[in-house]
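As structure tokens, the structure follows; a few thoughts come after it.
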Amino acid sequence: MNKFVLLVVSLSTIGLLQAALQAQDLLPSETTIEEAVDHYIQAEQATGNIQPASQVDDYILLRRTMLDLIGRIPTVAEVEAYVTSKDPQKRVKLVDRLIQQPEFIEQLAYDLNNILAPAGKTDLELYLADALDKGKGWDHIFTDMIYGNYEEEMPKQAMQFVNLRINDLDNLTNATSALFFGVNISCAKCHDHPLVSEWTQAHFYGMKSFFNRSFSNGDFVAERAYGEIKYATTSGEQLDAQLMFLTGSVIEEPEPVILDDEAKKKEKADFEQLKKDKKPVPAPEFSRRAQLIQIALRENDRDYFAKNLANRMWNRIYGYGLVMPLDQMHPENPPSHPDLLDWLARDTYANGYDIQRLVRGLVLSKTYSQSSVYQGAMRPAEFWFATANVKPMSPRQYAAALALASRNPAHFDDPNEAASRIQNEVKAHRGWERKFVVPGERFQVSVDEALLFSNANEFKDKTKVANDRLGGELAAIESNEEMVQRAIKAVYSRPATAEELEAISAYVEARGDRREEAISQIVWALLTSSELRFNH
């Protein structure tokens with residue numbers, strides 16, 4: 001064995017030993033997710049002498065949890081039942097009950113579609129809901145989306161991830177890298193990344209090579225058995241791209257198929273016939289897309305995949321990632337809590353990339369149930385996770401909130417009818433989703449949204465005093481104090497404060513000759529308020 005081989009073996013052994021030592025330093029695998037979250041977050045806060053915010057009360061926790069898990073606010077009856085319960089396990093039971101509801105799958109599929117599909121597209125949502133309902137792990141979902149299976153309807157729909165981008169391979173390459181591995185490598189297309197030594201042109205074109213033989217053939221994504229990529233460096237050197245993953249691992253592939261002109265002409269004719277017949281092209285024996293799946297999930301290369309899932313679910317629940325921006329997961333941009341992300345990644349792949357399990361653990365932590373209000377002199381930066389982040393509702397959440405908050409609360413009081421009535425009310429307002437934008441990192445309420453609330457008759461209908469509306473119930477309550485309490489609880493899922501009682505009661509009393517009009521204005525103000533608009 002020569003000196004070079006010995007050096008490589010030694011370095012490899014050192015790397016494995018370092019990885020083993022790091023794994024030993026992490027909390028044991030039997031630690032629950034919520035315990036691990038709180039351990040690592042609190043340990044990091046101690047290094048900066050950061051005091052976390054206080055724990056929220058039952059009202060806020062119930063509202064926050066229901067919005068995050070099933071995409072809606074609680075009804076008055078649900079609020080009162082949860083708050084008055086003396087069961088010490090009521091929080092755990094609440095989370096487990098919500099995760100078992102169909103709305104949990106629907107909301108999670110909706111959120112994942114907003115991440116994975118091009119803006120404004122809903123093509124992946126039906127597949128995602130089906131996959132999650134069947135208990136598919138994120139690894140299986142990834143496989144369906146990258147490779148697909150045209151023999152089954154749902155995996156066929158999953159191929160829309162590739163199909164919607166197949167005519168722009170650069171876009172497909174970067175979308176796959178960013179959304180499944182947390183790495184935006186678009187900067188390495190024309191030159192090595194100026195700030196990240198690990199991202200070179202070889203990485204970009206190595207990732208692109210997994211897709212360069214794929215193409216659209218009618219309704220299907222097809223793949224040839226041949227085709228290579230050459231690229232030019234900044235010095236003008238022409239290089240052949242290797243099948244290379246983000247870790248630098250390279251796949252050795254068999255000699256490519258070589259077709260003469262006549263064979264290519266026949267192949268093209270075969271493809272055209274399959275397109276006319278609306279049939280898929282048979283996959284080649286050696287599929288480059290299939291190789292991407294294998295290398296991304298194998299033991300020595302799976303960290304990017306597992307950490308990206310953990311980071312994106314963390315961002316979804318806590319409103320800020322352990323790595324920010326979400327698509328900049330590289331050594332020059334380390335996570336705020338590296339041990340926590342390592343532990344979550346290990347736990348994620350050890351448990352079959354189970355998204356439901358991961359979400360359950362995140363929402364049961366004390367970190368999750370912290371207040372969004374900080375009582376100290378200066379609010380800690382977001383990466384400390386010392387307070388809850390205020391999150392704008394998604395269009396679906398906001399549509400559901402407006403639907404339920406504007407309805408007469410008594411409509412949902414009957415426990416035998418409540419579930420179906422809530423579902424019907426929420427689904428009847430799905431069209432409202434199109435009226436709001438999917439929030440980005442720097443969300444601001446749009447002008448269109450403000451104009452909707454000011455001018456649209458369909459919204460004014462929600463604020464009128466009628467038997468089936470919140471205003472109708474409020475008008476029937478003689479006591480102004482009771483009326484205010486009912487209004488606040490119906491819209492904000494909490495009791496009214498002393499200031500609210502005083503101010504709203506005074507407003508109604510000053511308009512005793514037009515009480516119904518005053519109540520309508522109160523409902524309008526509550527429904528258009530920032531407290532309803534955000535999950536806090």
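By convention in this document, the chains of the structure tokens carry letters A, B, ... by their order, each chain's residues are numbered from 1, and ligands are numbered from 1 in the order they are shown.
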
Long-range neighbours of Gly120 in chain A as a PDB file with C-alpha atoms, in the first residue's frame, 10 Å cut-off, only C-alpha atoms, 6 positions minimum in chain:
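Contents of selection-v7.pdb, as written:
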```pdb
ATOM      1  CA  ASN A 113     -47.043  22.196  -1.551  1.00  0.00           C
ATOM      2  CA  ASN A 114     -46.350  25.897  -0.980  1.00  0.00           C
ATOM      3  CA  ARG A 434     -57.037  33.178  -3.504  1.00  0.00           C
ATOM      4  CA  VAL A 437     -50.769  36.079  -0.651  1.00  0.00           C
ATOM      5  CA  VAL A 438     -48.559  33.287   0.654  1.00  0.00           C
TER       6      VAL A 438
END
```

Write out as a list in words each polymer residue whose atoms come within 8 Å of range 178-190 of chain A, counting only C-alpha atoms; drop sequence neighbours fewer than 6 positions from it.
-> Ile115, Leu116, Phe142, Asp170, Trp199, Thr200, Gln201, His203, Phe204, Tyr205, Thr233, Thr234, Tyr304, Phe305, Ala306, Lys307, Asn308, Leu309, Leu326, Asp327, Gln328, Met329 and His330 of chain A

7 Å contact set for range 220-226 of chain A, only C-alpha atoms, chain neighbours under 4 positions out, as a PyMOL selection string = chain A and resi 163+213-216+256-257+280-281+283-284+286

Out of range 420-515 of chain A, which residues get alpha helix (DSSP H) from DSSP, as a compact mmCIF listing (two decimals) with all heavy atoms, in the first residue's frame?
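Output contents, as saved in part_10.txt:
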```
# COMPACT_ATOMS: atom_id res chain seq x y z
N SER A 420 -68.60 18.36 12.00
CA SER A 420 -69.04 18.47 10.61
C SER A 420 -69.36 19.91 10.24
O SER A 420 -69.09 20.35 9.11
CB SER A 420 -70.26 17.58 10.37
OG SER A 420 -71.35 17.98 11.19
N ARG A 421 -69.92 20.66 11.17
CA ARG A 421 -70.25 22.06 10.88
C ARG A 421 -68.98 22.91 10.70
O ARG A 421 -68.93 23.78 9.82
CB ARG A 421 -71.11 22.64 12.00
CG ARG A 421 -72.53 22.09 12.01
CD ARG A 421 -73.38 22.69 13.11
NE ARG A 421 -74.76 22.21 13.02
CZ ARG A 421 -75.73 22.57 13.86
NH1 ARG A 421 -75.47 23.42 14.86
NH2 ARG A 421 -76.96 22.09 13.71
N ILE A 422 -67.97 22.64 11.50
CA ILE A 422 -66.70 23.35 11.36
C ILE A 422 -66.08 23.03 10.00
O ILE A 422 -65.64 23.92 9.28
CB ILE A 422 -65.74 22.98 12.51
CG1 ILE A 422 -66.24 23.56 13.83
CG2 ILE A 422 -64.33 23.49 12.21
CD1 ILE A 422 -65.51 23.03 15.05
N GLN A 423 -66.04 21.75 9.66
CA GLN A 423 -65.47 21.34 8.38
C GLN A 423 -66.20 21.98 7.20
O GLN A 423 -65.58 22.48 6.26
CB GLN A 423 -65.50 19.82 8.25
CG GLN A 423 -64.52 19.10 9.16
CD GLN A 423 -64.63 17.58 9.05
OE1 GLN A 423 -65.38 17.06 8.22
NE2 GLN A 423 -63.90 16.88 9.90
N ASN A 424 -67.53 21.98 7.27
CA ASN A 424 -68.32 22.57 6.20
C ASN A 424 -68.07 24.07 6.07
O ASN A 424 -67.95 24.60 4.95
CB ASN A 424 -69.81 22.31 6.43
CG ASN A 424 -70.18 20.85 6.28
OD1 ASN A 424 -69.47 20.08 5.63
ND2 ASN A 424 -71.29 20.44 6.88
N GLU A 425 -67.96 24.74 7.20
CA GLU A 425 -67.74 26.19 7.18
C GLU A 425 -66.37 26.52 6.60
O GLU A 425 -66.22 27.43 5.78
CB GLU A 425 -67.85 26.74 8.61
CG GLU A 425 -68.03 28.24 8.68
CD GLU A 425 -69.41 28.69 8.21
OE1 GLU A 425 -70.38 27.90 8.35
OE2 GLU A 425 -69.51 29.83 7.72
N VAL A 426 -65.37 25.76 7.01
CA VAL A 426 -64.00 26.00 6.53
C VAL A 426 -63.90 25.72 5.03
O VAL A 426 -63.34 26.52 4.28
CB VAL A 426 -62.99 25.14 7.32
CG1 VAL A 426 -61.62 25.18 6.67
CG2 VAL A 426 -62.90 25.65 8.77
N LYS A 427 -64.45 24.59 4.60
CA LYS A 427 -64.36 24.24 3.18
C LYS A 427 -65.15 25.19 2.30
O LYS A 427 -64.77 25.45 1.16
CB LYS A 427 -64.81 22.79 2.98
CG LYS A 427 -63.82 21.79 3.53
CD LYS A 427 -64.25 20.35 3.31
CE LYS A 427 -63.20 19.39 3.85
NZ LYS A 427 -63.58 17.96 3.70
N ALA A 428 -66.25 25.72 2.83
CA ALA A 428 -67.05 26.66 2.06
C ALA A 428 -66.30 27.96 1.79
O ALA A 428 -66.66 28.71 0.89
CB ALA A 428 -68.36 26.97 2.80
N VAL A 447 -52.02 45.74 -0.35
CA VAL A 447 -53.03 46.75 -0.62
C VAL A 447 -54.34 46.08 -1.01
O VAL A 447 -55.43 46.51 -0.60
CB VAL A 447 -52.55 47.71 -1.74
CG1 VAL A 447 -53.67 48.65 -2.16
CG2 VAL A 447 -51.33 48.49 -1.29
N ASP A 448 -54.25 45.01 -1.80
CA ASP A 448 -55.46 44.29 -2.21
C ASP A 448 -56.23 43.76 -1.01
O ASP A 448 -57.47 43.80 -0.99
CB ASP A 448 -55.09 43.12 -3.13
CG ASP A 448 -54.64 43.58 -4.50
OD1 ASP A 448 -54.89 44.75 -4.85
OD2 ASP A 448 -54.01 42.78 -5.23
N GLU A 449 -55.51 43.27 -0.01
CA GLU A 449 -56.17 42.75 1.19
C GLU A 449 -56.87 43.88 1.94
O GLU A 449 -58.02 43.73 2.38
CB GLU A 449 -55.14 42.07 2.10
CG GLU A 449 -55.74 41.42 3.33
CD GLU A 449 -54.70 40.66 4.14
OE1 GLU A 449 -53.88 39.94 3.54
OE2 GLU A 449 -54.73 40.77 5.39
N ALA A 450 -56.22 45.01 2.07
CA ALA A 450 -56.82 46.16 2.75
C ALA A 450 -58.06 46.65 2.02
O ALA A 450 -59.09 46.97 2.64
CB ALA A 450 -55.80 47.28 2.88
N LEU A 451 -57.99 46.70 0.70
CA LEU A 451 -59.13 47.14 -0.10
C LEU A 451 -60.29 46.15 -0.02
O LEU A 451 -61.47 46.54 -0.04
CB LEU A 451 -58.71 47.34 -1.55
CG LEU A 451 -57.78 48.52 -1.82
CD1 LEU A 451 -57.33 48.52 -3.28
CD2 LEU A 451 -58.45 49.85 -1.48
N LEU A 452 -59.97 44.86 0.06
CA LEU A 452 -60.99 43.84 0.20
C LEU A 452 -61.84 44.10 1.44
O LEU A 452 -63.08 44.08 1.39
CB LEU A 452 -60.34 42.46 0.29
CG LEU A 452 -61.25 41.29 0.68
CD1 LEU A 452 -62.18 40.93 -0.48
CD2 LEU A 452 -60.43 40.07 1.08
N PHE A 453 -61.19 44.36 2.56
CA PHE A 453 -61.91 44.56 3.80
C PHE A 453 -62.66 45.90 3.83
O PHE A 453 -63.65 46.05 4.54
CB PHE A 453 -60.95 44.49 4.98
CG PHE A 453 -60.35 43.13 5.19
CD1 PHE A 453 -59.08 42.97 5.70
CD2 PHE A 453 -61.06 41.98 4.87
CE1 PHE A 453 -58.52 41.72 5.89
CE2 PHE A 453 -60.52 40.72 5.06
CZ PHE A 453 -59.24 40.58 5.57
N SER A 454 -62.19 46.85 3.06
CA SER A 454 -62.82 48.17 3.07
C SER A 454 -64.01 48.25 2.13
O SER A 454 -64.97 48.99 2.41
CB SER A 454 -61.80 49.24 2.68
OG SER A 454 -60.74 49.29 3.61
N ASN A 455 -63.96 47.50 1.02
CA ASN A 455 -64.94 47.73 -0.04
C ASN A 455 -65.77 46.54 -0.46
O ASN A 455 -66.84 46.73 -1.04
CB ASN A 455 -64.21 48.26 -1.29
CG ASN A 455 -63.45 49.53 -1.00
OD1 ASN A 455 -63.94 50.43 -0.34
ND2 ASN A 455 -62.21 49.61 -1.51
N ASN A 457 -68.34 43.67 -0.79
CA ASN A 457 -69.63 43.33 -0.18
C ASN A 457 -69.59 41.95 0.46
O ASN A 457 -70.26 41.72 1.47
CB ASN A 457 -70.73 43.38 -1.24
CG ASN A 457 -71.05 44.79 -1.67
OD1 ASN A 457 -70.94 45.74 -0.88
ND2 ASN A 457 -71.46 44.96 -2.93
N GLU A 458 -68.82 41.04 -0.11
CA GLU A 458 -68.75 39.69 0.45
C GLU A 458 -68.11 39.69 1.84
O GLU A 458 -68.39 38.82 2.66
CB GLU A 458 -67.99 38.76 -0.49
CG GLU A 458 -66.60 39.24 -0.84
CD GLU A 458 -65.95 38.39 -1.92
OE1 GLU A 458 -66.21 37.17 -1.96
OE2 GLU A 458 -65.18 38.94 -2.72
N PHE A 459 -67.25 40.68 2.10
CA PHE A 459 -66.71 40.79 3.45
C PHE A 459 -67.68 41.53 4.36
O PHE A 459 -67.84 41.17 5.54
CB PHE A 459 -65.35 41.48 3.47
CG PHE A 459 -64.74 41.54 4.84
CD1 PHE A 459 -64.22 40.41 5.43
CD2 PHE A 459 -64.74 42.73 5.57
CE1 PHE A 459 -63.69 40.44 6.71
CE2 PHE A 459 -64.21 42.77 6.86
CZ PHE A 459 -63.68 41.63 7.42
N LYS A 460 -68.32 42.56 3.87
CA LYS A 460 -69.30 43.30 4.67
C LYS A 460 -70.40 42.36 5.15
O LYS A 460 -70.97 42.54 6.24
CB LYS A 460 -69.89 44.44 3.86
CG LYS A 460 -68.90 45.56 3.56
CD LYS A 460 -69.54 46.65 2.71
CE LYS A 460 -68.53 47.75 2.38
NZ LYS A 460 -69.12 48.80 1.50
N ASP A 461 -70.69 41.33 4.35
CA ASP A 461 -71.71 40.36 4.73
C ASP A 461 -71.34 39.65 6.03
O ASP A 461 -72.21 39.25 6.79
CB ASP A 461 -71.88 39.34 3.60
CG ASP A 461 -72.93 38.29 3.92
OD1 ASP A 461 -74.12 38.66 4.00
OD2 ASP A 461 -72.56 37.12 4.09
N LYS A 462 -70.05 39.49 6.28
CA LYS A 462 -69.60 38.80 7.48
C LYS A 462 -69.78 39.65 8.73
O LYS A 462 -69.79 39.14 9.85
CB LYS A 462 -68.12 38.40 7.35
CG LYS A 462 -67.86 37.39 6.25
CD LYS A 462 -66.41 36.96 6.25
CE LYS A 462 -66.18 35.90 5.19
NZ LYS A 462 -67.04 34.72 5.37
N THR A 463 -69.88 40.95 8.57
CA THR A 463 -69.95 41.85 9.73
C THR A 463 -71.37 42.29 10.05
O THR A 463 -71.58 42.99 11.05
CB THR A 463 -69.10 43.11 9.47
OG1 THR A 463 -69.70 43.89 8.42
CG2 THR A 463 -67.68 42.74 9.09
N LEU A 470 -71.81 36.38 13.82
CA LEU A 470 -71.38 36.79 15.16
C LEU A 470 -72.16 38.02 15.61
O LEU A 470 -72.59 38.10 16.77
CB LEU A 470 -69.88 37.08 15.16
CG LEU A 470 -69.29 37.68 16.44
CD1 LEU A 470 -69.49 36.74 17.63
CD2 LEU A 470 -67.81 37.99 16.25
N GLY A 471 -72.34 38.97 14.70
CA GLY A 471 -73.07 40.20 15.05
C GLY A 471 -74.46 39.93 15.55
O GLY A 471 -74.96 40.63 16.44
N GLY A 472 -75.12 38.92 14.97
CA GLY A 472 -76.47 38.59 15.41
C GLY A 472 -76.51 38.11 16.84
O GLY A 472 -77.39 38.50 17.62
N GLU A 473 -75.55 37.26 17.22
CA GLU A 473 -75.51 36.80 18.61
C GLU A 473 -75.17 37.94 19.57
O GLU A 473 -75.76 38.06 20.64
CB GLU A 473 -74.50 35.67 18.79
CG GLU A 473 -74.47 35.18 20.24
CD GLU A 473 -73.55 34.00 20.47
OE1 GLU A 473 -74.00 32.86 20.25
OE2 GLU A 473 -72.41 34.23 20.88
N LEU A 474 -74.23 38.77 19.17
CA LEU A 474 -73.82 39.88 20.04
C LEU A 474 -74.97 40.84 20.29
O LEU A 474 -75.15 41.35 21.41
CB LEU A 474 -72.63 40.62 19.43
CG LEU A 474 -71.35 39.80 19.22
CD1 LEU A 474 -70.26 40.69 18.63
CD2 LEU A 474 -70.87 39.17 20.51
N ALA A 475 -75.77 41.11 19.27
CA ALA A 475 -76.88 42.06 19.41
C ALA A 475 -77.94 41.55 20.37
O ALA A 475 -78.68 42.34 20.98
CB ALA A 475 -77.49 42.34 18.04
N ASN A 480 -73.52 44.88 27.97
CA ASN A 480 -72.37 45.24 27.11
C ASN A 480 -71.11 44.47 27.50
O ASN A 480 -70.32 44.07 26.65
CB ASN A 480 -72.11 46.75 27.19
CG ASN A 480 -73.12 47.54 26.40
OD1 ASN A 480 -73.79 47.00 25.52
ND2 ASN A 480 -73.26 48.82 26.72
N GLU A 481 -70.92 44.27 28.81
CA GLU A 481 -69.73 43.55 29.25
C GLU A 481 -69.75 42.11 28.75
O GLU A 481 -68.74 41.60 28.25
CB GLU A 481 -69.63 43.57 30.77
CG GLU A 481 -68.39 42.87 31.29
CD GLU A 481 -68.19 43.05 32.79
OE1 GLU A 481 -68.62 44.08 33.33
OE2 GLU A 481 -67.61 42.13 33.41
N GLU A 482 -70.91 41.44 28.85
CA GLU A 482 -71.02 40.07 28.36
C GLU A 482 -70.85 40.03 26.84
O GLU A 482 -70.24 39.10 26.28
CB GLU A 482 -72.37 39.48 28.76
CG GLU A 482 -72.51 39.20 30.25
CD GLU A 482 -73.86 38.60 30.58
OE1 GLU A 482 -74.53 38.07 29.65
OE2 GLU A 482 -74.25 38.65 31.76
N MET A 483 -71.38 41.04 26.18
CA MET A 483 -71.27 41.11 24.72
C MET A 483 -69.81 41.24 24.29
O MET A 483 -69.36 40.56 23.37
CB MET A 483 -72.08 42.29 24.19
CG MET A 483 -72.11 42.43 22.68
SD MET A 483 -70.76 43.45 22.05
CE MET A 483 -71.25 45.04 22.69
N VAL A 484 -69.07 42.07 24.97
CA VAL A 484 -67.66 42.26 24.63
C VAL A 484 -66.88 40.98 24.90
O VAL A 484 -66.04 40.57 24.08
CB VAL A 484 -67.06 43.45 25.41
CG1 VAL A 484 -65.56 43.55 25.15
CG2 VAL A 484 -67.75 44.74 25.03
N GLN A 485 -67.12 40.34 26.01
CA GLN A 485 -66.42 39.11 26.33
C GLN A 485 -66.68 38.04 25.25
O GLN A 485 -65.76 37.34 24.82
CB GLN A 485 -66.87 38.57 27.70
CG GLN A 485 -66.32 39.33 28.89
CD GLN A 485 -64.84 39.03 29.15
OE1 GLN A 485 -64.15 38.43 28.33
NE2 GLN A 485 -64.35 39.48 30.29
N ARG A 486 -67.94 37.95 24.81
CA ARG A 486 -68.28 36.96 23.80
C ARG A 486 -67.60 37.28 22.47
O ARG A 486 -67.09 36.38 21.79
CB ARG A 486 -69.80 36.95 23.60
CG ARG A 486 -70.33 35.84 22.69
CD ARG A 486 -70.15 34.48 23.32
NE ARG A 486 -70.96 33.46 22.63
CZ ARG A 486 -70.93 32.17 22.91
NH1 ARG A 486 -70.14 31.72 23.87
NH2 ARG A 486 -71.70 31.31 22.25
N ALA A 487 -67.56 38.54 22.10
CA ALA A 487 -66.94 38.95 20.84
C ALA A 487 -65.45 38.66 20.84
O ALA A 487 -64.90 38.10 19.87
CB ALA A 487 -67.19 40.44 20.60
N ILE A 488 -64.78 39.01 21.91
CA ILE A 488 -63.32 38.80 21.99
C ILE A 488 -62.98 37.32 21.98
O ILE A 488 -62.06 36.88 21.29
CB ILE A 488 -62.76 39.49 23.25
CG1 ILE A 488 -62.91 41.00 23.17
CG2 ILE A 488 -61.29 39.10 23.45
CD1 ILE A 488 -62.11 41.65 22.06
N LYS A 489 -63.76 36.54 22.71
CA LYS A 489 -63.47 35.10 22.76
C LYS A 489 -63.74 34.44 21.43
O LYS A 489 -63.01 33.52 21.00
CB LYS A 489 -64.28 34.43 23.87
CG LYS A 489 -63.87 32.99 24.15
CD LYS A 489 -64.53 32.43 25.40
CE LYS A 489 -63.95 33.04 26.67
NZ LYS A 489 -64.49 32.40 27.89
N ALA A 490 -64.78 34.88 20.71
CA ALA A 490 -65.10 34.29 19.42
C ALA A 490 -64.03 34.58 18.38
O ALA A 490 -63.74 33.73 17.53
CB ALA A 490 -66.45 34.82 18.94
N VAL A 491 -63.43 35.75 18.43
CA VAL A 491 -62.46 36.14 17.40
C VAL A 491 -61.03 35.88 17.84
O VAL A 491 -60.21 35.38 17.06
CB VAL A 491 -62.64 37.63 17.03
CG1 VAL A 491 -61.64 38.03 15.95
CG2 VAL A 491 -64.06 37.90 16.55
N TYR A 492 -60.70 36.19 19.09
CA TYR A 492 -59.32 36.09 19.56
C TYR A 492 -59.04 34.85 20.40
O TYR A 492 -57.89 34.62 20.81
CB TYR A 492 -58.95 37.32 20.38
CG TYR A 492 -58.93 38.61 19.59
CD1 TYR A 492 -59.08 39.83 20.24
CD2 TYR A 492 -58.76 38.64 18.20
CE1 TYR A 492 -59.06 41.04 19.54
CE2 TYR A 492 -58.74 39.82 17.50
CZ TYR A 492 -58.89 41.03 18.18
OH TYR A 492 -58.87 42.21 17.48
N ALA A 498 -59.30 44.29 30.58
CA ALA A 498 -60.04 45.39 31.20
C ALA A 498 -60.12 46.59 30.26
O ALA A 498 -61.17 47.26 30.17
CB ALA A 498 -59.36 45.79 32.51
N GLU A 499 -59.03 46.87 29.54
CA GLU A 499 -59.02 47.99 28.60
C GLU A 499 -60.01 47.78 27.46
O GLU A 499 -60.70 48.72 27.03
CB GLU A 499 -57.61 48.19 28.04
CG GLU A 499 -56.57 48.66 29.04
CD GLU A 499 -56.02 47.54 29.90
OE1 GLU A 499 -56.39 46.36 29.65
OE2 GLU A 499 -55.22 47.83 30.80
N GLU A 500 -60.08 46.55 26.97
CA GLU A 500 -61.03 46.25 25.89
C GLU A 500 -62.47 46.37 26.37
O GLU A 500 -63.33 46.93 25.66
CB GLU A 500 -60.77 44.84 25.34
CG GLU A 500 -59.50 44.73 24.53
CD GLU A 500 -59.08 43.30 24.25
OE1 GLU A 500 -59.46 42.40 25.03
OE2 GLU A 500 -58.35 43.09 23.27
N LEU A 501 -62.73 45.85 27.55
CA LEU A 501 -64.08 45.96 28.11
C LEU A 501 -64.51 47.42 28.22
O LEU A 501 -65.63 47.79 27.84
CB LEU A 501 -64.14 45.29 29.48
CG LEU A 501 -64.14 43.76 29.49
CD1 LEU A 501 -63.98 43.24 30.91
CD2 LEU A 501 -65.45 43.22 28.89
N GLU A 502 -63.61 48.23 28.71
CA GLU A 502 -63.95 49.64 28.91
C GLU A 502 -64.13 50.37 27.58
O GLU A 502 -65.13 51.08 27.38
CB GLU A 502 -62.85 50.33 29.73
CG GLU A 502 -63.11 51.80 30.01
CD GLU A 502 -62.00 52.46 30.82
OE1 GLU A 502 -61.07 51.75 31.25
OE2 GLU A 502 -62.06 53.68 31.02
N ALA A 503 -63.20 50.19 26.68
CA ALA A 503 -63.23 50.93 25.42
C ALA A 503 -64.41 50.52 24.54
O ALA A 503 -65.12 51.38 23.99
CB ALA A 503 -61.92 50.73 24.68
N ILE A 504 -64.65 49.21 24.39
CA ILE A 504 -65.71 48.76 23.49
C ILE A 504 -67.08 49.04 24.10
O ILE A 504 -68.03 49.43 23.39
CB ILE A 504 -65.54 47.27 23.17
CG1 ILE A 504 -64.19 47.04 22.47
CG2 ILE A 504 -66.67 46.77 22.27
CD1 ILE A 504 -63.87 45.58 22.19
N SER A 505 -67.20 48.86 25.42
CA SER A 505 -68.47 49.18 26.07
C SER A 505 -68.81 50.65 25.90
O SER A 505 -69.96 51.02 25.61
CB SER A 505 -68.41 48.82 27.56
OG SER A 505 -68.26 47.42 27.73
N ALA A 506 -67.81 51.51 26.07
CA ALA A 506 -68.03 52.96 25.91
C ALA A 506 -68.45 53.28 24.48
O ALA A 506 -69.31 54.15 24.25
CB ALA A 506 -66.76 53.72 26.28
N TYR A 507 -67.85 52.59 23.52
CA TYR A 507 -68.18 52.81 22.11
C TYR A 507 -69.66 52.48 21.85
O TYR A 507 -70.37 53.23 21.17
CB TYR A 507 -67.29 51.95 21.23
CG TYR A 507 -67.54 52.09 19.76
CD1 TYR A 507 -66.95 53.11 19.02
CD2 TYR A 507 -68.39 51.20 19.09
CE1 TYR A 507 -67.18 53.24 17.65
CE2 TYR A 507 -68.63 51.32 17.73
CZ TYR A 507 -68.03 52.34 17.01
OH TYR A 507 -68.27 52.47 15.67
N VAL A 508 -70.12 51.36 22.40
CA VAL A 508 -71.51 50.94 22.19
C VAL A 508 -72.47 51.88 22.92
O VAL A 508 -73.52 52.27 22.37
CB VAL A 508 -71.71 49.49 22.65
CG1 VAL A 508 -73.17 49.08 22.53
CG2 VAL A 508 -70.84 48.55 21.83
N GLU A 509 -72.13 52.23 24.15
CA GLU A 509 -73.00 53.12 24.93
C GLU A 509 -73.19 54.47 24.25
O GLU A 509 -74.26 55.07 24.30
CB GLU A 509 -72.43 53.29 26.33
CG GLU A 509 -72.56 52.04 27.20
CD GLU A 509 -71.77 52.13 28.49
OE1 GLU A 509 -71.18 53.22 28.74
OE2 GLU A 509 -71.72 51.13 29.23
N ARG A 515 -77.37 50.80 18.01
CA ARG A 515 -76.55 49.75 18.62
C ARG A 515 -76.13 48.69 17.61
O ARG A 515 -74.98 48.24 17.62
CB ARG A 515 -77.32 49.11 19.77
CG ARG A 515 -76.47 48.16 20.63
CD ARG A 515 -77.21 47.79 21.91
NE ARG A 515 -76.36 47.01 22.79
CZ ARG A 515 -76.32 45.67 22.81
NH1 ARG A 515 -77.09 45.00 21.98
NH2 ARG A 515 -75.53 45.04 23.65
```

Residues near Ser365 in chain A, cut-off 12 Å, only C-alpha atoms, skip fewer than 4 positions along chain, as a list in words |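 That gives Thr32, Ile33, Glu34, Glu35, Ala36, Val37, Asp38, His39, Tyr40, Ile41, Gln42, Gln55, Leu61, Thr65, Arg91, Val92, Val95, Trp314, Ile317, Tyr318, Leu358, Val359, Arg360, Gly361, Ser369, Gln370, Phe385 and Ala388 of chain A.
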